[in-house]
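Participant: Dropping in protein.tsv, with TSV, C-alpha atoms and all ligand atoms.
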```tsv
chain	number	residue	atom	x	y	z
K	185	SER	CA	89.47	86.55	124.29
K	186	GLY	CA	88.91	85.90	120.60
K	187	LYS	CA	90.22	89.33	119.67
K	188	HIS	CA	92.94	89.66	117.09
K	189	LYS	CA	96.32	90.91	118.21
K	190	ILE	CA	98.46	92.86	115.73
K	191	ALA	CA	102.29	92.84	115.63
K	192	VAL	CA	104.39	94.99	113.31
K	193	ILE	CA	107.89	93.78	112.46
K	194	GLY	CA	109.91	96.78	111.33
K	195	SER	CA	110.10	100.41	112.43
K	196	GLY	CA	111.75	102.31	109.59
K	197	SER	CA	109.78	105.00	107.75
K	198	TRP	CA	107.18	102.67	106.27
K	199	GLY	CA	107.15	100.36	109.29
K	200	SER	CA	106.35	103.29	111.60
K	201	ALA	CA	103.73	104.75	109.24
K	202	LEU	CA	101.90	101.43	108.80
K	203	ALA	CA	102.12	100.70	112.53
K	204	LYS	CA	100.52	104.09	113.20
K	205	ILE	CA	97.53	103.25	110.99
K	206	ALA	CA	97.14	99.74	112.42
K	207	ALA	CA	97.31	101.01	116.02
K	208	GLU	CA	94.74	103.75	115.33
K	209	ASN	CA	92.37	101.15	113.85
K	210	ALA	CA	92.99	98.68	116.70
K	211	TRP	CA	92.04	101.44	119.16
K	212	LYS	CA	88.86	102.39	117.25
K	213	ARG	CA	87.78	98.81	116.53
K	214	ASN	CA	88.54	97.43	119.99
K	215	GLY	CA	85.71	94.91	119.78
K	216	GLU	CA	87.71	93.16	117.09
K	217	PHE	CA	91.33	93.94	118.09
K	218	HIS	CA	93.47	94.07	121.22
K	219	SER	CA	94.14	97.75	121.71
K	220	GLU	CA	97.89	97.27	122.24
K	221	VAL	CA	99.92	96.94	119.03
K	222	ARG	CA	103.58	96.01	119.35
K	223	MET	CA	106.24	97.19	116.90
K	224	TRP	CA	109.69	95.61	116.65
K	225	VAL	CA	112.46	98.19	117.03
K	226	ARG	CA	116.07	97.13	116.63
K	227	GLU	CA	117.55	98.47	119.86
K	228	LYS	CA	120.01	101.31	119.52
K	229	ILE	CA	121.40	103.79	122.01
K	230	VAL	CA	120.44	107.32	120.98
K	231	ASN	CA	121.89	110.17	123.09
K	232	GLY	CA	122.60	107.70	125.89
K	233	LYS	CA	119.09	106.22	125.91
K	234	PRO	CA	117.62	103.05	124.35
K	235	LEU	CA	115.58	103.95	121.24
K	236	THR	CA	112.57	101.88	122.41
K	237	HIS	CA	112.38	103.99	125.61
K	238	VAL	CA	112.61	107.20	123.62
K	239	ILE	CA	109.80	106.11	121.25
K	240	ASN	CA	107.57	104.91	124.12
K	241	ARG	CA	108.08	108.11	126.08
K	242	THR	CA	107.90	110.69	123.30
K	243	HIS	CA	105.69	108.74	120.82
K	244	LEU	CA	107.98	109.94	118.05
K	245	ASN	CA	110.38	107.98	115.83
K	246	SER	CA	112.44	111.05	115.06
K	247	ARG	CA	115.10	109.14	113.13
K	248	TYR	CA	112.81	107.64	110.49
K	249	LEU	CA	109.51	109.57	110.62
K	250	PRO	CA	110.19	113.07	111.90
K	251	ASP	CA	107.42	115.18	113.48
K	252	VAL	CA	104.73	112.49	113.30
K	253	LYS	CA	103.02	111.65	116.59
K	254	LEU	CA	102.53	107.91	117.05
K	255	PRO	CA	99.49	106.57	118.94
K	256	ARG	CA	99.98	105.74	122.64
K	257	ASN	CA	98.75	102.17	122.17
K	258	LEU	CA	101.67	101.48	119.79
K	259	VAL	CA	104.46	99.97	121.91
K	260	ALA	CA	108.08	99.84	120.69
K	261	THR	CA	109.51	96.45	121.71
K	262	PRO	CA	113.16	95.34	121.32
K	263	HIS	CA	112.88	91.53	121.25
K	264	LEU	CA	111.16	89.82	118.33
K	265	LYS	CA	109.72	87.00	120.44
K	266	ASP	CA	107.97	89.55	122.68
K	267	VAL	CA	106.65	91.43	119.66
K	268	VAL	CA	104.90	88.35	118.24
K	269	LYS	CA	103.83	86.82	121.58
K	270	ASP	CA	100.11	85.92	121.21
K	271	ALA	CA	99.95	87.91	117.95
K	272	THR	CA	97.46	86.57	115.40
K	273	LEU	CA	98.13	89.18	112.69
K	274	ILE	CA	101.75	89.86	111.77
K	275	VAL	CA	102.87	92.69	109.49
K	276	PHE	CA	106.32	92.23	107.89
K	277	VAL	CA	107.88	95.57	106.94
K	278	VAL	CA	111.68	95.43	107.31
K	279	PRO	CA	113.96	96.44	104.42
K	280	HIS	CA	114.26	93.25	102.34
K	281	GLN	CA	117.95	92.65	103.14
K	282	PHE	CA	117.07	91.99	106.82
K	283	LEU	CA	114.15	89.60	106.33
K	284	HIS	CA	116.15	86.36	106.49
K	285	THR	CA	117.51	87.08	109.98
K	286	VAL	CA	113.99	87.89	111.19
K	287	LEU	CA	112.56	84.69	109.71
K	288	SER	CA	115.28	82.52	111.29
K	289	GLU	CA	114.25	83.80	114.69
K	290	LEU	CA	110.51	83.47	114.06
K	291	SER	CA	110.75	79.93	112.67
K	292	ARG	CA	112.00	78.54	116.01
K	293	PRO	CA	109.43	76.28	117.65
K	294	GLY	CA	106.89	77.98	119.90
K	295	VAL	CA	107.66	81.56	118.83
K	296	LEU	CA	104.61	82.16	116.60
K	297	THR	CA	100.99	81.60	117.66
K	298	PRO	CA	99.37	78.70	115.77
K	299	GLY	CA	96.84	79.97	113.23
K	300	ALA	CA	98.50	83.40	112.89
K	301	ARG	CA	98.27	85.22	109.55
K	302	ALA	CA	100.82	87.48	107.92
K	303	ILE	CA	101.07	90.31	105.41
K	304	SER	CA	104.22	91.59	103.70
K	305	ALA	CA	104.70	95.27	102.86
K	306	ILE	CA	108.28	94.64	101.75
K	307	LYS	CA	109.26	95.68	98.22
K	308	GLY	CA	111.69	93.28	96.50
K	309	VAL	CA	112.08	89.71	95.22
K	310	GLU	CA	114.04	86.63	96.21
K	311	VAL	CA	116.05	84.95	93.43
K	312	ASN	CA	117.86	81.60	93.50
K	313	GLY	CA	119.27	80.62	90.12
K	314	THR	CA	116.31	80.05	87.81
K	315	ASP	CA	113.79	80.46	90.66
K	316	ILE	CA	112.07	83.66	91.70
K	317	GLU	CA	109.83	84.13	94.71
K	318	THR	CA	107.86	86.96	96.32
K	319	PHE	CA	108.46	87.77	99.97
K	320	ALA	CA	104.86	86.77	100.75
K	321	SER	CA	105.64	83.31	99.43
K	322	LEU	CA	109.02	83.18	101.20
K	323	ILE	CA	107.38	84.11	104.53
K	324	GLU	CA	104.63	81.54	104.02
K	325	GLY	CA	107.23	78.85	103.27
K	326	ARG	CA	109.53	79.70	106.16
K	327	VAL	CA	107.07	80.25	109.03
K	328	GLY	CA	103.95	78.50	107.73
K	329	THR	CA	101.46	81.40	108.04
K	330	PRO	CA	99.27	82.32	105.06
K	331	CYS	CA	100.75	85.59	103.78
K	332	SER	CA	99.09	88.47	101.94
K	333	ALA	CA	100.86	91.43	100.30
K	334	LEU	CA	100.31	95.18	100.73
K	335	SER	CA	101.68	97.65	98.21
K	336	GLY	CA	100.66	100.95	96.67
K	337	ALA	CA	101.52	104.57	95.94
K	338	ASN	CA	102.58	105.22	99.51
K	339	ILE	CA	105.55	107.48	100.25
K	340	ALA	CA	105.78	106.89	104.01
K	341	LEU	CA	105.93	110.46	105.31
K	342	GLU	CA	102.95	111.60	103.19
K	343	VAL	CA	100.89	108.65	104.46
K	344	ALA	CA	101.87	109.35	108.08
K	345	GLN	CA	100.87	113.01	107.68
K	346	GLY	CA	97.40	111.86	106.68
K	347	GLN	CA	97.51	112.99	103.04
K	348	PHE	CA	94.87	111.04	101.09
K	349	CYS	CA	96.13	107.99	99.22
K	350	GLU	CA	95.25	104.44	98.20
K	351	THR	CA	96.87	101.06	98.63
K	352	THR	CA	96.29	97.52	97.35
K	353	ILE	CA	96.26	94.27	99.29
K	354	GLY	CA	96.64	90.96	97.50
K	355	CYS	CA	95.19	88.15	99.60
K	356	PRO	CA	95.01	84.37	99.27
K	357	SER	CA	91.38	84.26	100.51
K	358	HIS	CA	88.34	86.48	101.04
K	359	GLU	CA	88.65	85.97	104.79
K	360	ASP	CA	92.20	87.35	104.74
K	361	SER	CA	91.14	90.37	102.69
K	362	LEU	CA	88.39	91.28	105.19
K	363	LEU	CA	90.80	90.97	108.13
K	364	TRP	CA	93.59	93.05	106.58
K	365	GLN	CA	91.11	95.63	105.34
K	366	ALA	CA	89.92	96.04	108.95
K	367	VAL	CA	93.54	96.48	110.08
K	368	PHE	CA	94.52	99.11	107.51
K	369	ASP	CA	91.56	100.80	105.79
K	370	ALA	CA	91.15	104.43	106.93
K	371	PRO	CA	89.57	107.59	105.48
K	372	THR	CA	92.94	108.81	104.15
K	373	PHE	CA	94.36	105.33	103.41
K	374	ARG	CA	91.89	103.52	101.18
K	375	VAL	CA	92.52	99.82	100.86
K	376	THR	CA	91.41	97.83	97.80
K	377	ALA	CA	91.68	94.05	97.90
K	378	VAL	CA	92.52	91.84	94.91
K	379	GLU	CA	93.21	88.11	94.76
K	380	ASP	CA	96.55	88.62	92.99
K	381	VAL	CA	99.24	88.29	95.73
K	382	ASN	CA	102.01	87.97	93.12
K	383	GLY	CA	100.91	90.97	91.05
K	384	VAL	CA	100.75	93.21	94.12
K	385	SER	CA	104.20	92.01	95.28
K	386	LEU	CA	105.83	92.34	91.87
K	387	GLY	CA	104.37	95.81	91.25
K	388	GLY	CA	106.09	97.05	94.42
K	389	ALA	CA	109.39	95.34	93.64
K	390	LEU	CA	109.77	96.17	89.95
K	391	LYS	CA	108.71	99.82	90.08
K	392	ASN	CA	111.85	100.44	92.16
K	393	VAL	CA	113.97	99.37	89.17
K	394	VAL	CA	112.05	101.73	86.86
K	395	ALA	CA	112.44	104.51	89.47
K	396	LEU	CA	116.22	104.24	89.12
K	397	ALA	CA	115.82	104.84	85.38
K	398	ALA	CA	113.58	107.85	86.15
K	399	GLY	CA	116.29	109.20	88.46
K	400	PHE	CA	118.93	108.80	85.73
K	401	VAL	CA	116.66	110.80	83.40
K	402	ASP	CA	116.40	113.58	86.02
K	403	GLY	CA	120.15	113.53	86.64
K	404	LEU	CA	120.81	113.87	82.90
K	405	GLY	CA	118.55	116.92	82.81
K	406	TYR	CA	115.95	115.49	80.41
K	407	GLY	CA	112.33	116.61	80.68
K	408	GLY	CA	108.86	115.17	81.03
K	409	ASN	CA	108.65	113.48	77.64
K	410	THR	CA	111.64	111.25	78.34
K	411	LYS	CA	110.42	110.40	81.81
K	412	ALA	CA	106.95	109.54	80.45
K	413	ALA	CA	108.56	107.21	77.91
K	414	ILE	CA	110.53	105.50	80.69
K	415	LEU	CA	107.35	105.07	82.75
K	416	ARG	CA	105.46	103.59	79.80
K	417	ILE	CA	108.22	101.15	78.87
K	418	GLY	CA	108.76	100.36	82.56
K	419	LEU	CA	105.10	99.55	83.17
K	420	LYS	CA	105.09	97.33	80.10
K	421	GLU	CA	108.15	95.38	81.27
K	422	MET	CA	106.78	95.11	84.82
K	423	THR	CA	103.48	93.71	83.55
K	424	GLU	CA	105.06	91.30	81.07
K	425	PHE	CA	107.60	90.06	83.63
K	426	CYS	CA	104.87	89.22	86.10
K	427	LEU	CA	102.61	87.55	83.51
K	428	GLU	CA	105.55	85.54	82.11
K	429	PHE	CA	106.92	84.20	85.39
K	430	PHE	CA	103.98	84.19	87.84
K	431	GLU	CA	101.10	82.03	86.74
K	432	GLY	CA	97.66	83.42	87.57
K	433	SER	CA	98.80	87.03	88.00
K	434	GLN	CA	96.58	89.66	86.41
K	435	ARG	CA	97.36	92.45	83.97
K	436	GLU	CA	94.71	94.63	85.67
K	437	THR	CA	96.74	94.73	88.90
K	438	PHE	CA	99.30	96.78	86.96
K	439	SER	CA	96.93	98.89	84.85
K	440	ASN	CA	94.15	99.56	87.38
K	441	GLU	CA	95.46	99.29	90.94
K	442	SER	CA	97.49	101.52	93.24
K	443	ALA	CA	100.14	98.76	93.47
K	444	GLY	CA	100.73	99.10	89.70
K	445	ILE	CA	100.57	102.36	87.76
K	446	ALA	CA	100.01	104.65	90.77
K	447	ASP	CA	103.01	103.45	92.78
K	448	LEU	CA	105.15	103.66	89.66
K	449	ILE	CA	104.20	107.32	89.21
K	450	THR	CA	104.74	108.45	92.81
K	451	THR	CA	108.06	106.60	93.13
K	452	CYS	CA	109.39	107.98	89.84
K	453	TYR	CA	108.62	111.53	91.03
K	454	GLY	CA	109.04	111.52	94.81
K	455	GLY	CA	110.85	108.37	95.95
K	456	ARG	CA	114.27	107.57	97.42
K	457	ASN	CA	115.30	105.36	94.49
K	458	ARG	CA	114.67	108.25	92.10
K	459	LYS	CA	116.54	110.68	94.32
K	460	CYS	CA	119.63	108.48	94.71
K	461	ALA	CA	119.71	107.61	91.00
K	462	GLU	CA	119.61	111.31	90.09
K	463	GLU	CA	122.66	111.85	92.32
K	464	PHE	CA	124.34	108.77	90.78
K	465	ALA	CA	123.96	110.21	87.28
K	466	LYS	CA	125.22	113.63	88.41
K	467	SER	CA	128.09	112.63	90.71
K	468	GLY	CA	129.25	109.22	89.47
K	469	GLN	CA	129.62	108.05	93.09
K	470	PRO	CA	128.68	104.44	93.89
K	471	PHE	CA	125.18	103.79	95.23
K	472	GLU	CA	126.43	102.67	98.70
K	473	VAL	CA	128.05	106.08	99.18
K	474	ILE	CA	124.97	107.95	97.93
K	475	GLU	CA	122.63	105.88	100.12
K	476	LYS	CA	124.63	106.80	103.24
K	477	LYS	CA	124.94	110.44	102.18
K	478	LEU	CA	121.28	111.08	101.26
K	479	LEU	CA	119.09	108.64	103.19
K	480	ASN	CA	120.14	109.03	106.86
K	481	GLY	CA	119.91	105.30	107.65
K	482	GLN	CA	116.96	104.51	105.37
K	483	LYS	CA	117.50	101.74	102.85
K	484	LEU	CA	117.50	101.71	99.05
K	485	GLN	CA	115.61	98.72	97.62
K	486	GLY	CA	115.84	99.22	93.85
K	487	THR	CA	119.53	98.49	93.24
K	488	ALA	CA	119.48	95.03	94.85
K	489	THR	CA	116.21	94.31	93.02
K	490	ALA	CA	117.77	95.33	89.67
K	491	GLU	CA	120.61	92.89	90.37
K	492	GLU	CA	118.31	90.04	91.43
K	493	VAL	CA	116.10	90.55	88.36
K	494	HIS	CA	119.16	90.61	86.10
K	495	ASN	CA	120.55	87.37	87.62
K	496	PHE	CA	117.19	85.69	87.23
K	497	LEU	CA	116.68	86.79	83.61
K	498	ARG	CA	120.21	85.72	82.73
K	499	ALA	CA	119.63	82.30	84.30
K	500	ARG	CA	116.42	81.99	82.28
K	501	LYS	CA	118.06	83.37	79.09
K	502	ARG	CA	115.44	86.13	78.86
K	503	VAL	CA	117.54	89.28	79.41
K	504	HIS	CA	116.90	90.53	75.85
K	505	ALA	CA	113.12	90.64	76.45
K	506	TYR	CA	113.48	93.29	79.21
K	507	PRO	CA	115.81	95.97	77.80
K	508	LEU	CA	114.96	98.70	80.33
K	509	PHE	CA	115.58	96.46	83.36
K	510	GLU	CA	118.88	95.38	81.76
K	511	LYS	CA	120.00	98.98	81.09
K	512	VAL	CA	119.34	99.91	84.71
K	513	TYR	CA	121.45	96.95	85.83
K	514	GLN	CA	124.34	97.80	83.49
K	515	ILE	CA	124.38	101.47	84.48
K	516	SER	CA	124.15	100.67	88.20
K	517	PHE	CA	126.65	97.80	88.31
K	518	GLU	CA	128.72	97.56	85.14
K	519	GLY	CA	129.92	101.08	84.57
K	520	MET	CA	127.71	101.87	81.59
K	521	ALA	CA	127.27	105.64	81.19
K	522	PRO	CA	123.80	106.85	82.32
K	523	LYS	CA	123.27	108.59	78.97
K	524	GLN	CA	123.25	105.16	77.30
K	525	LEU	CA	119.91	104.51	79.06
K	526	VAL	CA	117.78	105.44	76.07
K	527	ASN	CA	119.99	103.98	73.32
K	528	GLY	CA	118.17	101.18	71.57
K	529	LEU	CA	115.18	101.15	73.92
K	601	LIG	P1	113.85	102.25	106.07
K	601	LIG	O1	114.37	102.41	104.69
K	601	LIG	O2	113.38	103.47	106.78
K	601	LIG	O3	115.02	101.51	106.87
K	601	LIG	C1	115.30	101.71	108.21
K	601	LIG	C2	114.99	100.48	109.03
K	601	LIG	O4	115.97	99.45	108.80
K	601	LIG	C3	115.04	100.78	110.52
K	601	LIG	O5	113.95	100.19	111.18
K	601	LIG	C4	116.34	100.14	110.96
K	601	LIG	O6	116.32	99.74	112.32
K	601	LIG	C5	116.38	98.95	110.05
K	601	LIG	N1	117.71	98.36	109.98
K	601	LIG	C6	118.87	98.97	109.65
K	601	LIG	N2	119.90	98.08	109.73
K	601	LIG	C7	119.34	96.90	110.12
K	601	LIG	C8	119.85	95.58	110.36
K	601	LIG	N3	121.15	95.31	110.23
K	601	LIG	N4	118.99	94.60	110.74
K	601	LIG	C9	117.68	94.85	110.86
K	601	LIG	N5	117.13	96.06	110.63
K	601	LIG	C10	117.95	97.06	110.27
K	601	LIG	O7	112.69	101.17	106.10
K	601	LIG	P2	111.22	101.29	105.47
K	601	LIG	O8	111.09	102.52	104.63
K	601	LIG	O9	110.24	101.09	106.57
K	601	LIG	O10	111.21	100.07	104.44
K	601	LIG	C11	110.72	98.77	104.69
K	601	LIG	C12	110.11	98.22	103.42
K	601	LIG	O11	108.97	98.99	103.09
K	601	LIG	C13	111.05	98.29	102.19
K	601	LIG	O12	110.97	97.08	101.44
K	601	LIG	C14	110.46	99.43	101.37
K	601	LIG	O13	110.64	99.28	99.97
K	601	LIG	C15	108.99	99.36	101.73
K	601	LIG	N6	108.28	100.64	101.54
K	601	LIG	C16	108.82	101.82	101.94
K	601	LIG	C17	108.12	103.00	101.75
K	601	LIG	C18	108.68	104.34	102.17
K	601	LIG	O14	108.18	105.37	101.69
K	601	LIG	N7	109.66	104.39	103.05
K	601	LIG	C19	106.84	102.97	101.19
K	601	LIG	C20	106.31	101.74	100.81
K	601	LIG	C21	107.05	100.58	101.00
K	602	LIG	P1	111.26	104.58	97.51
K	602	LIG	O1	111.83	103.41	98.28
K	602	LIG	O2	111.90	104.79	96.17
K	602	LIG	O3	111.25	105.84	98.35
K	602	LIG	O4	109.73	104.25	97.23
K	602	LIG	C1	108.84	104.26	98.30
K	602	LIG	C2	107.60	103.55	97.91
K	602	LIG	O5	107.60	102.34	97.82
K	602	LIG	C3	106.40	104.37	97.64
K	602	LIG	O6	105.26	103.58	97.45
```
Reformat the file's structure so that it appears as structure tokens.
Ligand code: NAD
Ligand code: 13P

Facilitator:
Amino acid sequence: SGKHKIAVIGSGSWGSALAKIAAENAWKRNGEFHSEVRMWVREKIVNGKPLTHVINRTHLNSRYLPDVKLPRNLVATPHLKDVVKDATLIVFVVPHQFLHTVLSELSRPGVLTPGARAISAIKGVEVNGTDIETFASLIEGRVGTPCSALSGANIALEVAQGQFCETTIGCPSHEDSLLWQAVFDAPTFRVTAVEDVNGVSLGGALKNVVALAAGFVDGLGYGGNTKAAILRIGLKEMTEFCLEFFEGSQRETFSNESAGIADLITTCYGGRNRKCAEEFAKSGQPFEVIEKKLLNGQKLQGTATAEEVHNFLRARKRVHAYPLFEKVYQISFEGMAPKQLVNGL
């Protein structure tokens, strides 16, 4: 019919919130989009019933996005190949540790529609020895679709409740930016497009490492001055890391866009990485235990990112140039006391 068909891969807190926005826009702009939007839900039996049936009957994803009504044209679907059938616009939004399994299934012949485009809202990086890659680039390489990135100051529940916020999309072409803007832009979710796919991706990944430092500061009982210092140093390391290792990325993505400074601020005050790191500094329990205890099935992204970034910088012999990232790694994984965070910064 020439209309675009949207598929959302992922149904955690952010997956469900983004799927809600995309489905509302698909319904309103039905000259441009198929009204049905499918969302991949990993099947689970909840109180004796399959989760997909519960979501499709109640239009609630009570496990990951409590009390938020989902649009009726958003259909929870258990099998990936059915989710992407005939889809021309594919949104990737699974926690980063599950992306490889998803891509193996999607890269089988005949699963994806030729000419489809993708966008990644996943926050993290992929490291192999001295190589580092964004998930947009990994997706593009594995399944062959051009891939944009979406990232911003977007705590999922606040977005889903319709509280005003902004986000940034980094797109490889002007055509992609117009398409993804049509999918996501809404009065309370303002989308700004930039050409910097790497900057947008790295902003989202690296702020999670800084948010762990912010959580340590909270757990130690320090005040606003210390946290402001951590944010300033963190933003500087984030920006320099991206400019050093990703050719063509832009400083302004970090200083001016939601995917830079704004996401850093919201995550360091209201995010899950901050919350779990505060508990880590207070209780001394390992992060896996804290994640289970505090997040009810949601996934922490910052600790794995801190480890990947550390491995990459070590392989490149550049650890010393990023002292805050390195401190977060040593506190999280090598038993350094949280109060050492600020020593020598
Ligand atoms: P989440 O943290 O709510 O994680 C839950 C999801 O993980 C569920 O859909 C669950 O089915 C799935 N899951 C659990 N085990 C799995 C497995 N073995 N295989 C496959 N899936 C499994 O997820 P989220 O918050 O939607 O996060 C997705 C991405 O979005 C992350 O990279 C995150 O950083 C990013 N993000 C999150 C927020 C937020 O506020 N939650 C905001 C912006 C970006
Ligand atoms: P947390 O994963 O720390 O909750 O951050 C969410 C986020 O990315 C907000 O933009």

Participant: Name the closest residue to ligand LIG 601 (chain K) among the candidates K:Lys189, K:Lys391, K:Arg326, K:His237; distances are taken between atoms, counting only C-alpha atoms and all ligand atoms.

Facilitator: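 Using only C-alpha atoms and all ligand atoms, the shortest distance to ligand LIG 601 (chain K) belongs to K:Lys391.
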
Participant: Taking 4 positions as the minimum chain separation for residues in the same chain, which residues sit within 9 Å of Glu216 (chain K) when counting only C-alpha atoms? Answer as a compact mmCIF listing (two decimals) with C-alpha atoms, in the coordinates of the input.

Facilitator:
```txt
# COMPACT_ATOMS: atom_id res chain seq x y z
CA GLY K 186 88.91 85.90 120.60
CA LYS K 187 90.22 89.33 119.67
CA HIS K 188 92.94 89.66 117.09
CA LYS K 189 96.32 90.91 118.21
CA ALA K 210 92.99 98.68 116.70
CA ALA K 366 89.92 96.04 108.95
```

Participant: Produce the centre coordinates and the three edge lengths, each in Å to one decimal, of the box along x, y and z that contains all listed atoms of region 258-271 of chain K with 6 Å added on each side, as AutoDock Vina command-line options.

Facilitator:
```
--center_x 106.6 --center_y 93.7 --center_z 120.3 --size_x 25.2 --size_y 27.6 --size_z 16.7
```

Participant: Return the single residue from K:Pro255, K:Gln514, K:Thr329, K:Asn382 that is closest to Asn495 (chain K), with distances computed using all atoms listed in the file.

Facilitator: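 Of K:Pro255, K:Gln514, K:Thr329, K:Asn382, the one nearest Asn495 (chain K), counting all atoms listed in the file, is K:Gln514.
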
Participant: Of the residues K:Glu462, K:Glu492, K:Glu472, K:Glu350, which is the one nearest to Ile445 (chain K), using all atoms listed in the file?

Facilitator: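 The answer is K:Glu350, which sits nearest to Ile445 (chain K).
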
Participant: Could you pull the residues within 7 Å of Ala397 (chain K), counting all atoms listed in the file, minus those fewer than 4 positions along the same chain, as a ChimeraX atom specification?

Facilitator: /K:393,401,512

Participant: With all atoms listed in the file as the atoms that count, which of K:Gly383, K:Gly454, K:Arg435, K:Gly418 lies nearest to Gly399 (chain K)?

Facilitator: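 With all atoms listed in the file as the atom set, the closest residue is K:Gly454.
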
Participant: Need to verify the contact set: Ile449 (chain K), 8 Å, all atoms listed in the file, exclusion of same-chain residues closer than 4 positions in sequence. Can you return it as number ranges by chain?

Facilitator: K: 337, 415, 445, 453
